[in-house]
Amino acid sequence: MALVESLTIGTVLVSQELMGLVNYHGHLCPELAIGYRVSRIAMNSLHITRENSLDFIAGAANSSSAVDAIQYLTGCTIGKQNFFIEDVGKHVYFFVKKPLDAPNNKGLFIKMKTPVYYPRLTDCVMDQNVEINSLTREQILKYRAVIDQAIGKILHRADNSLFDIHFADFGKEFFYRDTRWFN
Ligand SMILES: [Zn+2]
């Protein structure tokens, strides 16, 4: 059976997998794309699937659209009590296999390097408080183009150009350390 390999949203080419996520979240935005990339790295590196997700614990240091991506793709969710949010507004994430006290257990930490997802808007037409209804069609298209460009960068840059990715010790005392995990 022939499968459609990819689809487009606006000017952005997306995979079937990403399209499923977009349908779940409601739209394609830069932070969803970040969560998509973070999830793919974790899933490939630790072999996390929705089926084995209860064997893992994940965490995010923000409560942006990225956390929808992580829950949808990895199956680690707030409802299953294996996904934790400490919202300090940072794109820092961790994933670890249980049990946490296994010898040599290492957590995977993924930290965003550069704020490539913030669109640089030169004409100040669009700030967060502007109502979409008050914009002209031309302004909306221009804004969307800037957003699409940011999403394109996030989807296509190499893992190590977007993120610092490393393994670190991860024990049961993890959540009580003086040095916070997201720093
Ligand atoms: Zn979003």
# chains A, B, ... in the order shown; residues from 1 in each chain; ligands from 1

$ residues_around --residues "Asp55 (chain A)" --least-positions-apart "4" --cutoff "10 Å" --atoms "only C-alpha atoms" --output "PyMOL selection string"
chain A and resi 48-49+51+76+82+96-99

$ write_last_selection --atoms "all heavy atoms" --output "PDB file, in the first residue's frame"
ATOM      1  N   ILE A  48      12.526   4.631  23.754  1.00  0.00           N
ATOM      2  CA  ILE A  48      11.215   4.845  24.386  1.00  0.00           C
ATOM      3  C   ILE A  48      10.134   4.726  23.319  1.00  0.00           C
ATOM      4  O   ILE A  48      10.280   5.256  22.214  1.00  0.00           O
ATOM      5  CB  ILE A  48      11.111   6.254  25.008  1.00  0.00           C
ATOM      6  CG1 ILE A  48      12.266   6.532  25.956  1.00  0.00           C
ATOM      7  CG2 ILE A  48       9.766   6.445  25.721  1.00  0.00           C
ATOM      8  CD1 ILE A  48      12.312   7.969  26.468  1.00  0.00           C
ATOM      9  N   THR A  49       9.082   3.995  23.659  1.00  0.00           N
ATOM     10  CA  THR A  49       7.903   3.945  22.778  1.00  0.00           C
ATOM     11  C   THR A  49       6.676   4.215  23.644  1.00  0.00           C
ATOM     12  O   THR A  49       6.749   4.150  24.879  1.00  0.00           O
ATOM     13  CB  THR A  49       7.733   2.549  22.131  1.00  0.00           C
ATOM     14  OG1 THR A  49       7.461   1.597  23.182  1.00  0.00           O
ATOM     15  CG2 THR A  49       8.981   2.124  21.371  1.00  0.00           C
ATOM     16  N   GLU A  51       4.382   2.217  24.007  1.00  0.00           N
ATOM     17  CA  GLU A  51       4.068   0.932  24.652  1.00  0.00           C
ATOM     18  C   GLU A  51       4.909   0.698  25.905  1.00  0.00           C
ATOM     19  O   GLU A  51       4.425   0.162  26.888  1.00  0.00           O
ATOM     20  CB  GLU A  51       4.283  -0.220  23.668  1.00  0.00           C
ATOM     21  CG  GLU A  51       3.243  -0.298  22.555  1.00  0.00           C
ATOM     22  CD  GLU A  51       3.337   0.850  21.549  1.00  0.00           C
ATOM     23  OE1 GLU A  51       4.467   1.315  21.272  1.00  0.00           O
ATOM     24  OE2 GLU A  51       2.291   1.305  21.069  1.00  0.00           O
ATOM     25  N   CYS A  76       5.049   9.260  27.876  1.00  0.00           N
ATOM     26  CA  CYS A  76       5.263   9.686  29.272  1.00  0.00           C
ATOM     27  C   CYS A  76       4.327  10.869  29.517  1.00  0.00           C
ATOM     28  O   CYS A  76       4.454  11.901  28.853  1.00  0.00           O
ATOM     29  CB  CYS A  76       6.710  10.127  29.483  1.00  0.00           C
ATOM     30  SG  CYS A  76       7.900   8.788  29.275  1.00  0.00           S
ATOM     31  N   ASN A  82       4.408   9.782  35.130  1.00  0.00           N
ATOM     32  CA  ASN A  82       5.820   9.617  34.772  1.00  0.00           C
ATOM     33  C   ASN A  82       6.308  10.770  33.891  1.00  0.00           C
ATOM     34  O   ASN A  82       7.253  10.636  33.137  1.00  0.00           O
ATOM     35  CB  ASN A  82       6.091   8.263  34.111  1.00  0.00           C
ATOM     36  CG  ASN A  82       5.357   8.089  32.799  1.00  0.00           C
ATOM     37  OD1 ASN A  82       4.404   8.806  32.507  1.00  0.00           O
ATOM     38  ND2 ASN A  82       5.802   7.127  32.001  1.00  0.00           N
ATOM     39  N   VAL A  96      14.703   9.290  31.730  1.00  0.00           N
ATOM     40  CA  VAL A  96      15.497   8.272  32.433  1.00  0.00           C
ATOM     41  C   VAL A  96      14.705   6.971  32.517  1.00  0.00           C
ATOM     42  O   VAL A  96      13.471   6.979  32.624  1.00  0.00           O
ATOM     43  CB  VAL A  96      15.921   8.783  33.833  1.00  0.00           C
ATOM     44  CG1 VAL A  96      14.718   9.002  34.734  1.00  0.00           C
ATOM     45  CG2 VAL A  96      16.907   7.835  34.485  1.00  0.00           C
ATOM     46  N   LYS A  97      15.443   5.865  32.429  1.00  0.00           N
ATOM     47  CA  LYS A  97      14.798   4.554  32.532  1.00  0.00           C
ATOM     48  C   LYS A  97      14.708   4.146  34.002  1.00  0.00           C
ATOM     49  O   LYS A  97      15.632   4.421  34.774  1.00  0.00           O
ATOM     50  CB  LYS A  97      15.631   3.516  31.753  1.00  0.00           C
ATOM     51  CG  LYS A  97      14.869   2.231  31.466  1.00  0.00           C
ATOM     52  CD  LYS A  97      15.661   1.364  30.489  1.00  0.00           C
ATOM     53  CE  LYS A  97      14.855   0.219  29.898  1.00  0.00           C
ATOM     54  NZ  LYS A  97      14.039  -0.561  30.794  1.00  0.00           N
ATOM     55  N   LYS A  98      13.614   3.534  34.379  1.00  0.00           N
ATOM     56  CA  LYS A  98      13.456   3.038  35.738  1.00  0.00           C
ATOM     57  C   LYS A  98      14.086   1.641  35.860  1.00  0.00           C
ATOM     58  O   LYS A  98      14.191   0.954  34.857  1.00  0.00           O
ATOM     59  CB  LYS A  98      11.965   2.984  36.097  1.00  0.00           C
ATOM     60  CG  LYS A  98      11.321   4.363  36.187  1.00  0.00           C
ATOM     61  CD  LYS A  98       9.955   4.304  36.826  1.00  0.00           C
ATOM     62  CE  LYS A  98       8.898   3.896  35.834  1.00  0.00           C
ATOM     63  NZ  LYS A  98       7.525   3.996  36.325  1.00  0.00           N
ATOM     64  N   PRO A  99      14.476   1.163  37.027  1.00  0.00           N
ATOM     65  CA  PRO A  99      14.388   1.888  38.298  1.00  0.00           C
ATOM     66  C   PRO A  99      15.514   2.901  38.453  1.00  0.00           C
ATOM     67  O   PRO A  99      16.593   2.707  37.917  1.00  0.00           O
ATOM     68  CB  PRO A  99      14.520   0.769  39.334  1.00  0.00           C
ATOM     69  CG  PRO A  99      15.357  -0.262  38.655  1.00  0.00           C
ATOM     70  CD  PRO A  99      14.975  -0.207  37.197  1.00  0.00           C
TER      71      PRO A  99
END

$ residues_around --residues "His91 (chain A)" --least-positions-apart "6" --cutoff "8 Å" --atoms "only C-alpha atoms" --output "PyMOL selection string"
chain A and resi 60-62+111-112

$ residues_near_ligand --ligand "ligand 1" --cutoff "12 Å" --atoms "only C-alpha atoms and all ligand atoms" --output "list in words"
Leu21, Val22, Asn23, Tyr24, His25, Gly26, His27, Leu28, Cys29, Pro30, Glu31, Leu32, Ala33, Ile34, Gly35, Tyr36, Ser63, Ser64, Ser65, Ala66, Val67, Asp68, Ala69, Ile147 and Ile151 of chain A

$ write_last_selection --atoms "N, CA, C and O atoms" --output "CSV table (one decimal), in the first residue's frame"
chain,number,residue,atom,x,y,z
A,21,LEU,N,0.8,14.6,15.5
A,21,LEU,CA,1.0,15.5,16.7
A,21,LEU,C,0.3,16.8,16.6
A,21,LEU,O,-0.3,17.3,17.5
A,22,VAL,N,0.4,17.4,15.4
A,22,VAL,CA,-0.3,18.7,15.1
A,22,VAL,C,-1.8,18.6,15.3
A,22,VAL,O,-2.5,19.4,15.9
A,23,ASN,N,-2.3,17.4,14.8
A,23,ASN,CA,-3.8,17.2,15.0
A,23,ASN,C,-4.2,17.1,16.5
A,23,ASN,O,-5.2,17.6,16.9
A,24,TYR,N,-3.3,16.5,17.3
A,24,TYR,CA,-3.5,16.4,18.7
A,24,TYR,C,-3.4,17.8,19.4
A,24,TYR,O,-4.3,18.2,20.1
A,25,HIS,N,-2.4,18.5,19.1
A,25,HIS,CA,-2.1,19.8,19.7
A,25,HIS,C,-3.0,20.9,19.2
A,25,HIS,O,-3.4,21.8,20.0
A,26,GLY,N,-3.4,20.9,17.9
A,26,GLY,CA,-4.3,21.9,17.4
A,26,GLY,C,-3.6,22.8,16.4
A,26,GLY,O,-4.4,23.4,15.6
A,27,HIS,N,-2.3,23.0,16.4
A,27,HIS,CA,-1.6,23.8,15.4
A,27,HIS,C,-0.2,23.5,15.4
A,27,HIS,O,0.3,22.8,16.3
A,28,LEU,N,0.5,23.9,14.4
A,28,LEU,CA,2.0,23.8,14.4
A,28,LEU,C,2.6,25.1,14.8
A,28,LEU,O,2.4,26.1,14.2
A,29,CYS,N,3.4,25.0,15.9
A,29,CYS,CA,4.0,26.2,16.4
A,29,CYS,C,5.5,25.9,16.7
A,29,CYS,O,5.9,24.7,16.8
A,30,PRO,N,6.4,26.9,16.9
A,30,PRO,CA,7.8,26.6,17.1
A,30,PRO,C,8.0,25.7,18.4
A,30,PRO,O,8.9,24.8,18.3
A,31,GLU,N,7.3,25.9,19.4
A,31,GLU,CA,7.5,25.1,20.6
A,31,GLU,C,7.1,23.7,20.5
A,31,GLU,O,7.7,22.8,21.1
A,32,LEU,N,6.1,23.5,19.7
A,32,LEU,CA,5.7,22.1,19.4
A,32,LEU,C,6.8,21.4,18.6
A,32,LEU,O,7.1,20.2,18.9
A,33,ALA,N,7.4,22.1,17.7
A,33,ALA,CA,8.5,21.6,16.9
A,33,ALA,C,9.7,21.3,17.8
A,33,ALA,O,10.4,20.2,17.6
A,34,ILE,N,9.9,22.1,18.8
A,34,ILE,CA,11.0,21.8,19.8
A,34,ILE,C,10.7,20.5,20.5
A,34,ILE,O,11.6,19.6,20.6
A,35,GLY,N,9.5,20.4,21.0
A,35,GLY,CA,9.1,19.2,21.7
A,35,GLY,C,9.2,17.9,20.8
A,35,GLY,O,9.6,16.8,21.3
A,36,TYR,N,8.9,18.1,19.5
A,36,TYR,CA,9.0,17.0,18.6
A,36,TYR,C,10.5,16.6,18.4
A,36,TYR,O,10.8,15.4,18.5
A,63,SER,N,6.3,24.9,30.6
A,63,SER,CA,4.9,24.3,30.4
A,63,SER,C,4.4,24.8,29.0
A,63,SER,O,3.3,25.3,28.9
A,64,SER,N,5.3,24.8,28.0
A,64,SER,CA,4.9,25.3,26.7
A,64,SER,C,4.3,24.2,25.9
A,64,SER,O,4.1,23.0,26.3
A,65,SER,N,4.0,24.5,24.6
A,65,SER,CA,3.5,23.5,23.7
A,65,SER,C,4.4,22.3,23.6
A,65,SER,O,3.9,21.2,23.2
A,66,ALA,N,5.7,22.4,23.9
A,66,ALA,CA,6.6,21.3,23.8
A,66,ALA,C,6.2,20.1,24.6
A,66,ALA,O,6.4,19.0,24.3
A,67,VAL,N,5.6,20.4,25.8
A,67,VAL,CA,5.2,19.3,26.7
A,67,VAL,C,4.1,18.5,26.1
A,67,VAL,O,3.9,17.3,26.4
A,68,ASP,N,3.2,19.0,25.2
A,68,ASP,CA,2.2,18.3,24.6
A,68,ASP,C,2.9,17.3,23.6
A,68,ASP,O,2.5,16.1,23.5
A,69,ALA,N,3.9,17.7,22.9
A,69,ALA,CA,4.7,16.9,22.0
A,69,ALA,C,5.3,15.7,22.7
A,69,ALA,O,5.2,14.5,22.3
A,147,ILE,N,7.2,32.8,11.4
A,147,ILE,CA,7.0,31.6,12.2
A,147,ILE,C,7.4,30.4,11.5
A,147,ILE,O,8.1,29.5,12.1
A,151,ILE,N,10.1,27.5,12.5
A,151,ILE,CA,9.8,26.1,12.6
A,151,ILE,C,10.7,25.2,11.7
A,151,ILE,O,11.2,24.2,12.1

$ atom_distance --atom1 "CA of Ile41 (chain A)" --atom2 "CA of Leu100 (chain A)"
20.3 Å

$ select_by_dssp --residues "region 6-182 of chain A" --states "helix (DSSP H, G or I)" --output "NGL selection string"
:A and (16-25 or 30-46 or 53-55 or 66-74 or 132-134 or 137-156 or 159-162 or 172-176)

$ residues_around --residues "Leu108 (chain A)" --least-positions-apart "6" --cutoff "10 Å" --atoms "only C-alpha atoms" --output "ChimeraX atom specification"
/A:41-42,45-46,58,93-97,165-170

$ select_by_dssp --residues "region 19-172 of chain A" --states "strand (DSSP E)" --output "ChimeraX atom specification"
/A:56-60,83-85,92-97,106-112,163-169

$ residues_around --residues "Phe175 (chain A)" --least-positions-apart "5" --cutoff "12 Å" --atoms "only C-alpha atoms" --output "number ranges by chain"
A: 59, 84-86, 94, 100, 170, 180-182
